[in-house]
Structure formats: C-alpha cells, structure tokens
$ cat input.cif   # mmCIF, C-alpha atoms
data_coords
loop_
_atom_site.label_atom_id
_atom_site.label_comp_id
_atom_site.auth_asym_id
_atom_site.auth_seq_id
_atom_site.Cartn_x
_atom_site.Cartn_y
_atom_site.Cartn_z
CA MET A 1 0.00 0.00 0.00
CA ASP A 2 3.03 2.29 0.29
CA SER A 3 6.71 2.19 -0.63
CA ASP A 4 7.83 1.86 3.02
CA GLY A 5 6.40 -1.62 3.38
CA TYR A 6 2.82 -1.44 4.68
CA LEU A 7 0.51 -4.08 3.24
CA LEU A 8 -3.19 -4.87 3.57
CA THR A 9 -4.76 -8.31 3.71
CA ASN A 10 -7.68 -10.06 5.39
CA TYR A 11 -7.27 -10.76 9.09
CA HIS A 12 -8.51 -14.35 8.74
CA VAL A 13 -5.59 -15.01 6.37
CA VAL A 14 -2.94 -14.25 9.03
CA GLN A 15 -4.68 -14.67 12.39
CA ASN A 16 -3.16 -18.09 13.16
CA ALA A 17 0.14 -17.58 11.35
CA THR A 18 3.42 -18.13 13.19
CA LEU A 19 5.52 -16.92 10.25
CA ILE A 20 4.50 -14.54 7.46
CA ASN A 21 6.56 -14.06 4.31
CA VAL A 22 5.82 -11.60 1.53
CA LEU A 23 6.88 -12.62 -1.99
CA LEU A 24 7.19 -9.87 -4.60
CA GLN A 25 6.80 -10.36 -8.34
CA ASN A 26 10.56 -9.87 -8.82
CA GLY A 27 11.30 -12.82 -6.54
CA GLN A 28 12.26 -10.85 -3.41
CA VAL A 29 11.06 -12.36 -0.14
CA PHE A 30 10.53 -10.36 3.06
CA HIS A 31 9.51 -11.34 6.56
CA ALA A 32 6.35 -9.48 7.65
CA GLU A 33 4.93 -8.55 11.04
CA VAL A 34 1.28 -7.92 11.86
CA ILE A 35 0.95 -4.27 12.91
CA GLY A 36 -2.71 -4.60 13.86
CA TYR A 37 -6.10 -5.81 12.70
CA ASP A 38 -9.80 -4.97 12.67
CA LEU A 39 -12.39 -7.69 13.24
CA TYR A 40 -15.32 -5.64 11.93
CA THR A 41 -13.85 -5.37 8.44
CA ASP A 42 -11.65 -8.51 8.61
CA LEU A 43 -8.60 -6.44 7.65
CA ALA A 44 -5.01 -6.69 8.90
CA VAL A 45 -2.03 -4.41 8.28
CA LEU A 46 1.40 -5.99 7.76
CA LYS A 47 4.81 -4.35 7.69
CA VAL A 48 8.01 -5.47 5.99
CA ASP A 49 11.39 -3.92 6.67
CA ALA A 50 12.10 -2.48 3.23
CA SER A 51 11.79 0.74 1.27
CA ASN A 52 11.29 1.88 -2.33
CA LEU A 53 8.81 -0.94 -2.87
CA PRO A 54 6.38 -1.01 -5.82
CA VAL A 55 2.98 0.43 -4.86
CA ILE A 56 -0.41 -0.39 -6.32
CA PRO A 57 -2.05 2.66 -7.96
CA GLN A 58 -4.47 4.39 -5.59
CA ASN A 59 -6.80 7.39 -5.72
CA ILE A 60 -8.12 8.62 -2.37
CA ASN A 61 -10.98 10.32 -4.23
CA GLN A 62 -11.91 7.15 -6.10
CA GLN A 63 -15.69 6.75 -6.48
CA SER A 64 -16.83 3.27 -7.49
CA LEU A 65 -20.22 2.91 -9.15
CA ALA A 66 -22.49 0.00 -9.96
CA GLY A 67 -21.60 -1.25 -13.43
CA ASP A 68 -17.87 -0.48 -13.17
CA VAL A 69 -15.67 -3.24 -14.61
CA VAL A 70 -13.40 -4.73 -11.94
CA LEU A 71 -10.65 -7.36 -11.78
CA ALA A 72 -10.10 -9.53 -8.70
CA ILE A 73 -6.47 -10.54 -8.18
CA GLY A 74 -5.41 -13.44 -5.99
CA ASN A 75 -3.79 -16.84 -5.72
CA PRO A 76 -6.71 -19.30 -5.69
CA LEU A 77 -5.80 -22.97 -5.23
CA ASN A 78 -2.11 -21.97 -5.32
CA LEU A 79 -2.30 -21.61 -9.09
CA GLY A 80 -0.20 -18.47 -9.01
CA GLN A 81 -1.45 -14.96 -9.67
CA THR A 82 -4.95 -15.29 -11.11
CA ILE A 83 -7.35 -12.59 -12.26
CA THR A 84 -11.13 -12.88 -12.55
CA GLN A 85 -13.27 -10.22 -14.20
CA GLY A 86 -16.68 -8.86 -13.33
CA ILE A 87 -18.65 -5.75 -12.54
CA ILE A 88 -19.66 -3.97 -9.38
CA SER A 89 -23.26 -4.98 -8.68
CA ALA A 90 -23.81 -2.64 -5.75
CA THR A 91 -21.78 -0.20 -3.68
CA GLY A 92 -21.69 0.12 0.08
CA ARG A 93 -20.91 2.87 2.54
CA SER A 94 -17.38 3.54 3.67
CA GLY A 95 -17.88 4.72 7.26
CA LEU A 96 -16.39 3.09 10.35
CA SER A 97 -19.66 2.32 12.12
CA ASN A 98 -20.70 -1.28 12.74
CA THR A 99 -19.79 -3.04 9.53
CA SER A 100 -21.78 -5.68 7.67
CA TYR A 101 -21.57 -7.05 4.14
CA LEU A 102 -24.17 -4.44 3.11
CA GLN A 103 -21.45 -1.80 3.42
CA PHE A 104 -19.09 -3.62 1.07
CA LEU A 105 -18.76 -3.61 -2.69
CA GLN A 106 -20.85 -6.40 -4.16
CA ILE A 107 -19.23 -7.86 -7.26
CA ASP A 108 -19.85 -10.74 -9.63
CA ALA A 109 -16.17 -11.53 -10.21
CA ALA A 110 -15.36 -14.99 -8.84
CA ILE A 111 -13.77 -14.96 -5.37
CA ASN A 112 -12.27 -18.33 -4.45
CA GLN A 113 -10.10 -19.74 -1.69
CA GLY A 114 -6.85 -17.81 -2.09
CA ASN A 115 -8.42 -14.55 -3.26
CA SER A 116 -8.80 -13.34 0.33
CA GLY A 117 -6.92 -10.10 0.92
CA GLY A 118 -6.18 -9.67 -2.76
CA ALA A 119 -6.64 -6.49 -4.73
CA LEU A 120 -9.82 -5.52 -6.54
CA VAL A 121 -8.86 -3.04 -9.26
CA ASN A 122 -10.79 -1.15 -11.90
CA SER A 123 -10.08 -1.18 -15.63
CA ASN A 124 -7.36 1.45 -15.11
CA GLY A 125 -5.56 -0.76 -12.58
CA VAL A 126 -6.49 1.53 -9.65
CA LEU A 127 -7.27 -0.18 -6.34
CA VAL A 128 -10.99 -0.05 -5.52
CA GLY A 129 -11.26 -2.72 -2.82
CA ILE A 130 -9.83 -5.64 -0.87
CA ASN A 131 -11.36 -9.02 -1.77
CA SER A 132 -12.97 -10.81 1.17
CA LEU A 133 -13.87 -14.49 0.82
CA LYS A 134 -15.18 -14.42 4.41
CA PHE A 135 -18.11 -12.24 3.40
CA SER A 136 -18.71 -14.34 0.28
CA GLN A 137 -19.48 -17.35 2.49
CA LEU A 138 -22.22 -15.90 4.67
CA ASN A 139 -24.24 -19.07 4.08
CA PRO A 140 -21.84 -21.87 3.09
CA ASN A 141 -24.75 -24.30 2.74
CA GLN A 142 -26.06 -22.45 -0.30
CA ASP A 143 -24.40 -22.65 -3.70
CA ILE A 144 -24.42 -18.94 -4.55
CA GLN A 145 -22.95 -17.77 -7.84
CA GLY A 146 -22.05 -14.25 -8.92
CA ILE A 147 -22.28 -12.62 -5.49
CA SER A 148 -18.97 -11.77 -3.85
CA PHE A 149 -17.79 -8.94 -1.63
CA ALA A 150 -14.85 -6.60 -1.21
CA VAL A 151 -14.03 -3.95 1.37
CA PRO A 152 -14.28 -0.55 -0.39
CA TYR A 153 -10.92 1.17 -0.82
CA GLU A 154 -11.99 4.29 1.09
CA LEU A 155 -12.97 2.22 4.13
CA ALA A 156 -9.87 0.00 3.88
CA TYR A 157 -7.65 3.08 3.70
CA LYS A 158 -9.27 4.58 6.82
CA VAL A 159 -8.82 1.31 8.69
CA MET A 160 -5.19 1.03 7.62
CA GLN A 161 -4.33 4.58 8.69
CA LYS A 162 -5.91 4.07 12.12
CA ILE A 163 -4.07 0.77 12.61
CA ILE A 164 -0.75 2.34 11.62
CA LYS A 165 -1.36 5.23 14.04
CA HIS A 166 -2.90 3.39 17.00
CA GLY A 167 -2.24 -0.31 16.43
CA ARG A 168 -6.00 -0.83 16.22
CA VAL A 169 -9.13 0.89 14.96
CA ILE A 170 -10.62 3.24 17.54
CA ARG A 171 -14.32 3.88 16.95
CA GLY A 172 -16.56 6.33 18.71
CA TRP A 173 -19.64 4.93 20.50
CA LEU A 174 -23.02 6.50 21.27
CA GLY A 175 -25.08 3.61 22.61
CA ILE A 176 -28.53 3.82 21.02
CA VAL A 177 -30.95 1.80 18.94
CA SER A 178 -32.64 3.94 16.32
CA ARG A 179 -35.10 4.00 13.48
CA ASN A 180 -35.26 6.40 10.56
CA TYR A 181 -37.80 9.19 10.86
CA ASN A 182 -39.87 9.05 7.70
CA GLN A 183 -42.59 11.68 8.05
CA ASN A 184 -41.06 13.98 5.43
CA ALA A 185 -38.48 15.08 7.98
CA LYS A 186 -34.74 14.65 8.33
CA GLY A 187 -32.98 12.79 11.11
CA PHE A 188 -33.86 9.65 13.04
CA THR A 189 -35.80 8.65 16.14
CA ILE A 190 -34.12 7.06 19.17
CA ALA A 191 -35.87 3.74 19.88
CA ALA A 192 -33.71 2.60 22.83
CA VAL A 193 -30.76 3.84 24.90
CA ASP A 194 -28.09 1.53 26.34
CA PRO A 195 -27.61 1.93 30.11
CA ASN A 196 -24.28 3.54 31.07
CA SER A 197 -23.73 4.64 27.47
CA PRO A 198 -22.67 8.15 26.38
CA ALA A 199 -26.24 8.73 25.17
CA PHE A 200 -27.69 7.70 28.55
CA THR A 201 -25.20 9.81 30.50
CA ALA A 202 -25.91 12.88 28.33
CA GLY A 203 -29.66 12.57 28.73
CA LEU A 204 -30.78 11.44 25.29
CA LYS A 205 -34.16 9.72 25.60
CA VAL A 206 -36.36 7.28 23.72
CA GLY A 207 -38.50 9.26 21.28
CA ASP A 208 -35.96 12.03 20.73
CA ILE A 209 -35.60 12.94 17.05
CA VAL A 210 -31.94 13.71 16.23
CA TYR A 211 -31.77 16.11 13.28
CA GLN A 212 -28.25 17.54 13.57
CA ILE A 213 -24.89 16.53 15.06
CA ALA A 214 -22.38 19.35 15.51
CA ASP A 215 -22.70 21.32 12.25
CA THR A 216 -23.94 18.41 10.13
CA PRO A 217 -27.67 17.98 9.30
CA ILE A 218 -28.61 14.32 9.68
CA GLU A 219 -30.22 12.48 6.78
CA SER A 220 -30.27 8.96 8.27
CA THR A 221 -29.24 6.75 11.17
CA THR A 222 -26.30 5.32 9.24
CA GLN A 223 -24.92 8.78 8.53
CA ALA A 224 -25.16 9.68 12.23
CA LEU A 225 -23.46 6.46 13.36
CA ASP A 226 -20.63 7.05 10.89
CA ILE A 227 -20.09 10.54 12.31
CA VAL A 228 -19.95 9.09 15.83
CA ALA A 229 -17.69 6.20 14.82
CA GLU A 230 -15.15 8.55 13.26
CA THR A 231 -15.13 10.88 16.28
CA ASN A 232 -12.22 10.49 18.71
CA PRO A 233 -13.34 9.18 22.11
CA GLY A 234 -13.50 11.98 24.67
CA THR A 235 -14.80 14.48 22.11
CA GLU A 236 -18.00 16.36 22.97
CA LEU A 237 -20.59 16.65 20.21
CA ILE A 238 -23.71 18.81 20.27
CA PHE A 239 -26.82 16.82 19.33
CA LYS A 240 -29.78 18.88 18.18
CA VAL A 241 -33.00 17.01 18.89
CA TYR A 242 -36.75 17.49 18.85
CA ARG A 243 -38.38 16.49 22.14
CA ASN A 244 -42.06 17.13 22.79
CA LYS A 245 -42.14 19.31 19.64
CA LYS A 246 -39.36 21.54 21.00
CA SER A 247 -35.79 21.81 19.73
CA ILE A 248 -33.08 21.35 22.36
CA ASP A 249 -29.29 20.96 22.36
CA ILE A 250 -27.68 18.06 24.23
CA ASN A 251 -23.92 17.78 24.74
CA VAL A 252 -22.73 14.18 24.36
CA THR A 253 -19.19 13.02 25.19
CA ILE A 254 -18.34 10.17 22.83
CA LEU A 255 -16.63 7.08 24.28
CA GLU A 256 -14.77 4.24 22.57
CA LYS A 257 -16.83 1.48 21.02
CA ARG A 258 -16.63 -1.78 22.93
CA PRO A 259 -14.50 -4.32 21.04
CA ILE A 260 -16.09 -7.49 19.71
#

$ encode --input "input.cif" --output "structure tokens"
Amino acid sequence: MDSDGYLLTNYHVVQNATLINVLLQNGQVFHAEVIGYDLYTDLAVLKVDASNLPVIPQNINQQSLAGDVVLAIGNPLNLGQTITQGIISATGRSGLSNTSYLQFLQIDAAINQGNSGGALVNSNGVLVGINSLKFSQLNPNQDIQGISFAVPYELAYKVMQKIIKHGRVIRGWLGIVSRNYNQNAKGFTIAAVDPNSPAFTAGLKVGDIVYQIADTPIESTTQALDIVAETNPGTELIFKVYRNKKSIDINVTILEKRPI
C-alpha cells in the first residue's frame, strides 16, 4: 500500500500464522509482522522492513459505481497470480460504524479460496477494494454464484491509517438503537438507549428525534453512526434534537466502542 512496506490483507488469512513471508513479483522475499487488525472489516495491516517498494495505484478520491468493470487478483488454489473479471453490482458505505456485508462492494467476479486479501482493481488498474472471501461465504450451505464482496478502498484506507497510528481501529460509540424518521423530515428517532452509554449519560431519551450533530444535518441513522464512529473518544458533540415538539441541544461526550 506504500513504498515503506505497509501491506493490507484479510485478518482471517494471518490470524493463526506463526511466520509470514511476503513474496514480490521480482522474486524478493521479506519477513512481515502484523501491525494490527480490525475484526469488523476482517482487515489486517502488515509491515516489511524495506523501502522503495512497488505500490499499487491508488486514488483517495476514487468513487466506485455499480456497473464499473473490476478485476479480482489473488492466488486461488495456489495456481499463481490469477485474475477474474466482473462488474460492481452494488456499492456500500465507507464509514467506520458497525460493519456488515451491506457496506461492502458487491461484485460478480469470482472470489475463491486464495483470493482473500487480494486487490480488486478497476479497468485502469487503480485499487478499488480488498477481496474478502469471508463475506462471500455468509451461508456456506447455499451454492451462490455471482455474489462476492470486497471492502471498499476508502474504508480499507481509513482502517489502515488508524491501525498504523494506533495499532487498532478506535471507533466512537453512542449507545442507542434507532429507526429512521420518515414523516417527510430529516434525522432519526431514538428507539432505545443503552444503560451507562454516552447517550444515557448525556440525557438522550427514547422518542428524541436527532436532526443535527455538531454542524452536520442528519439524513439517516447510518450517517449519524458514521459521524460518531469517526469521532475520537473523549470528544464532545452537540446533538440537536426534537423532544415534545421543541428543539433542544444536548452535549454528548463520545466514548470508545466496545471491542467485539
């Protein structure tokens, strides 16, 4: 991922490894250490002691769209570098809030054993995702064809940067259950509040309609949870809510999300 030796792969690929070697296309072999990992996205960051390494093309402003042609690179069945072609069937979000396969890129390129952690690139060779066999086997008892998943590049990059900086991914936590507010209004309604959570401590209540966090108008629950997840623990955010048809401001100090 960069010339100083940071690499991305799936966590399930390296979680039980006692020795990790990285083999480059030119035949060079390097010993790698696991810098950190993230269970929510099944990503791990490795580091090799080298510099001036070849780097896969990246674009931090890359926007993948349904219909884009993609190529999945990997080493399935130890056949050597193999590429399968497909299109992006659906795109997911790229926030750090609780992650499921719905947030990932859905592709129809074949992902087989050995593709895990490999690059998903577009027709220009630019990295758009990290292949994840784990999320392609959500129901191993069903023979599903043409539905595979990859972690979007934007999300993978965020995870990597946090792991390099902190050794792990630190996510902000609010502690609510919510539902979208659909009566031609923005925001979402709080359906439940976890005891001893930041929301409970701040005084957020069931039935409150959150329509703005800090300076950001809220369109949906997922947008709000992404804002919270990407907020450093200890930071105070102002939640603007409707309660009993009145608008009030509530200061909430975000805490770190409990690890899984």

$ closest_residue --input "input.cif" --among "A:Thr216, A:Thr221, A:Ser148, A:Gln58" --to "Ile190 in chain A" --atoms "all atoms listed in the file"
A:Thr221

$ closest_residue --input "input.cif" --among "A:Ile130, A:Val121, A:Val193, A:Ile107" --to "Tyr11 in chain A" --atoms "only C-alpha atoms"
A:Ile130

$ closest_residue --input "input.cif" --among "A:Phe200, A:Gly187, A:Gly172, A:Lys205" --to "Glu256 in chain A" --atoms "only C-alpha atoms"
A:Gly172

$ residues_around --input "input.cif" --residues "Leu237 in chain A" --least-positions-apart "6" --cutoff "6 Å" --atoms "only C-alpha atoms" --output "PyMOL selection string"
chain A and resi 214+251-252

$ resolve_selection --input "input.cif" --expression "the PyMOL selection byres ((chain A and resi 175) around 8)" --output "JSON, numbers by chain"
{"A": [173, 174, 176, 177, 193, 194, 197, 198, 199, 200]}

$ atom_distance --input "input.cif" --atom1 "CA of Leu79 in chain A" --atom2 "CA of Gly114 in chain A"
9.2 Å

$ residues_near_point --input "input.cif" --point "(-13.9, -7.3, 10.5)" --cutoff "9 Å" --atoms "all atoms listed in the file" --output "list in words"
Asn10, Tyr11, Tyr37, Asp38, Leu39, Tyr40, Thr41, Asp42, Leu43, Thr99 and Ser100 of chain A

$ build_atoms --input "input.cif" --residues "range 70-81 of chain A" --atoms "all heavy atoms" --output "PDB file, in the frame of the given file"
ATOM      1  N   VAL A  70     -14.438  -4.521 -12.957  1.00  0.00           N
ATOM      2  CA  VAL A  70     -13.400  -4.730 -11.940  1.00  0.00           C
ATOM      3  C   VAL A  70     -12.697  -6.067 -12.186  1.00  0.00           C
ATOM      4  O   VAL A  70     -13.247  -6.986 -12.793  1.00  0.00           O
ATOM      5  CB  VAL A  70     -13.979  -4.712 -10.514  1.00  0.00           C
ATOM      6  CG1 VAL A  70     -14.361  -3.301 -10.098  1.00  0.00           C
ATOM      7  CG2 VAL A  70     -15.167  -5.654 -10.376  1.00  0.00           C
ATOM      8  N   LEU A  71     -11.474  -6.146 -11.684  1.00  0.00           N
ATOM      9  CA  LEU A  71     -10.650  -7.360 -11.780  1.00  0.00           C
ATOM     10  C   LEU A  71     -10.223  -7.752 -10.373  1.00  0.00           C
ATOM     11  O   LEU A  71      -9.681  -6.932  -9.631  1.00  0.00           O
ATOM     12  CB  LEU A  71      -9.423  -7.101 -12.654  1.00  0.00           C
ATOM     13  CG  LEU A  71      -9.689  -6.545 -14.048  1.00  0.00           C
ATOM     14  CD1 LEU A  71      -8.382  -6.115 -14.704  1.00  0.00           C
ATOM     15  CD2 LEU A  71     -10.395  -7.577 -14.908  1.00  0.00           C
ATOM     16  N   ALA A  72     -10.471  -9.018 -10.020  1.00  0.00           N
ATOM     17  CA  ALA A  72     -10.100  -9.530  -8.700  1.00  0.00           C
ATOM     18  C   ALA A  72      -8.815 -10.333  -8.827  1.00  0.00           C
ATOM     19  O   ALA A  72      -8.760 -11.323  -9.567  1.00  0.00           O
ATOM     20  CB  ALA A  72     -11.216 -10.385  -8.123  1.00  0.00           C
ATOM     21  N   ILE A  73      -7.778  -9.899  -8.111  1.00  0.00           N
ATOM     22  CA  ILE A  73      -6.470 -10.540  -8.180  1.00  0.00           C
ATOM     23  C   ILE A  73      -6.251 -11.394  -6.942  1.00  0.00           C
ATOM     24  O   ILE A  73      -6.580 -10.987  -5.831  1.00  0.00           O
ATOM     25  CB  ILE A  73      -5.346  -9.478  -8.287  1.00  0.00           C
ATOM     26  CG1 ILE A  73      -5.587  -8.574  -9.500  1.00  0.00           C
ATOM     27  CG2 ILE A  73      -3.971 -10.129  -8.380  1.00  0.00           C
ATOM     28  CD1 ILE A  73      -4.641  -7.392  -9.575  1.00  0.00           C
ATOM     29  N   GLY A  74      -5.692 -12.574  -7.131  1.00  0.00           N
ATOM     30  CA  GLY A  74      -5.410 -13.440  -5.990  1.00  0.00           C
ATOM     31  C   GLY A  74      -4.595 -14.648  -6.395  1.00  0.00           C
ATOM     32  O   GLY A  74      -4.047 -14.711  -7.501  1.00  0.00           O
ATOM     33  N   ASN A  75      -4.550 -15.614  -5.483  1.00  0.00           N
ATOM     34  CA  ASN A  75      -3.790 -16.840  -5.720  1.00  0.00           C
ATOM     35  C   ASN A  75      -4.659 -18.040  -5.367  1.00  0.00           C
ATOM     36  O   ASN A  75      -4.327 -18.825  -4.479  1.00  0.00           O
ATOM     37  CB  ASN A  75      -2.509 -16.831  -4.865  1.00  0.00           C
ATOM     38  CG  ASN A  75      -1.655 -18.067  -5.103  1.00  0.00           C
ATOM     39  OD1 ASN A  75      -1.686 -18.665  -6.171  1.00  0.00           O
ATOM     40  ND2 ASN A  75      -0.911 -18.463  -4.083  1.00  0.00           N
ATOM     41  N   PRO A  76      -5.808 -18.200  -6.044  1.00  0.00           N
ATOM     42  CA  PRO A  76      -6.710 -19.300  -5.690  1.00  0.00           C
ATOM     43  C   PRO A  76      -6.093 -20.655  -6.004  1.00  0.00           C
ATOM     44  O   PRO A  76      -5.457 -20.843  -7.041  1.00  0.00           O
ATOM     45  CB  PRO A  76      -7.937 -19.031  -6.554  1.00  0.00           C
ATOM     46  CG  PRO A  76      -7.425 -18.238  -7.709  1.00  0.00           C
ATOM     47  CD  PRO A  76      -6.313 -17.400  -7.153  1.00  0.00           C
ATOM     48  N   LEU A  77      -6.257 -21.584  -5.065  1.00  0.00           N
ATOM     49  CA  LEU A  77      -5.800 -22.970  -5.230  1.00  0.00           C
ATOM     50  C   LEU A  77      -4.306 -23.052  -5.515  1.00  0.00           C
ATOM     51  O   LEU A  77      -3.832 -24.036  -6.100  1.00  0.00           O
ATOM     52  CB  LEU A  77      -6.593 -23.655  -6.357  1.00  0.00           C
ATOM     53  CG  LEU A  77      -8.123 -23.561  -6.247  1.00  0.00           C
ATOM     54  CD1 LEU A  77      -8.785 -24.188  -7.458  1.00  0.00           C
ATOM     55  CD2 LEU A  77      -8.614 -24.186  -4.961  1.00  0.00           C
ATOM     56  N   ASN A  78      -3.560 -22.015  -5.097  1.00  0.00           N
ATOM     57  CA  ASN A  78      -2.110 -21.970  -5.320  1.00  0.00           C
ATOM     58  C   ASN A  78      -1.738 -22.107  -6.796  1.00  0.00           C
ATOM     59  O   ASN A  78      -0.712 -22.685  -7.149  1.00  0.00           O
ATOM     60  CB  ASN A  78      -1.401 -23.057  -4.499  1.00  0.00           C
ATOM     61  CG  ASN A  78      -1.347 -22.708  -3.025  1.00  0.00           C
ATOM     62  OD1 ASN A  78      -1.146 -21.551  -2.659  1.00  0.00           O
ATOM     63  ND2 ASN A  78      -1.547 -23.713  -2.185  1.00  0.00           N
ATOM     64  N   LEU A  79      -2.575 -21.549  -7.657  1.00  0.00           N
ATOM     65  CA  LEU A  79      -2.300 -21.610  -9.090  1.00  0.00           C
ATOM     66  C   LEU A  79      -1.335 -20.516  -9.540  1.00  0.00           C
ATOM     67  O   LEU A  79      -0.919 -20.483 -10.682  1.00  0.00           O
ATOM     68  CB  LEU A  79      -3.615 -21.459  -9.877  1.00  0.00           C
ATOM     69  CG  LEU A  79      -4.628 -22.599  -9.732  1.00  0.00           C
ATOM     70  CD1 LEU A  79      -5.928 -22.239 -10.437  1.00  0.00           C
ATOM     71  CD2 LEU A  79      -4.062 -23.891 -10.288  1.00  0.00           C
ATOM     72  N   GLY A  80      -0.973 -19.639  -8.633  1.00  0.00           N
ATOM     73  CA  GLY A  80      -0.200 -18.470  -9.010  1.00  0.00           C
ATOM     74  C   GLY A  80      -1.143 -17.298  -9.196  1.00  0.00           C
ATOM     75  O   GLY A  80      -2.358 -17.428  -9.046  1.00  0.00           O
ATOM     76  N   GLN A  81      -0.591 -16.139  -9.545  1.00  0.00           N
ATOM     77  CA  GLN A  81      -1.450 -14.960  -9.670  1.00  0.00           C
ATOM     78  C   GLN A  81      -2.538 -15.194 -10.704  1.00  0.00           C
ATOM     79  O   GLN A  81      -2.265 -15.518 -11.851  1.00  0.00           O
ATOM     80  CB  GLN A  81      -0.625 -13.734 -10.047  1.00  0.00           C
ATOM     81  CG  GLN A  81      -1.470 -12.467 -10.152  1.00  0.00           C
ATOM     82  CD  GLN A  81      -0.616 -11.219 -10.208  1.00  0.00           C
ATOM     83  OE1 GLN A  81       0.060 -10.875  -9.256  1.00  0.00           O
ATOM     84  NE2 GLN A  81      -0.640 -10.550 -11.355  1.00  0.00           N
TER      85      GLN A  81
END
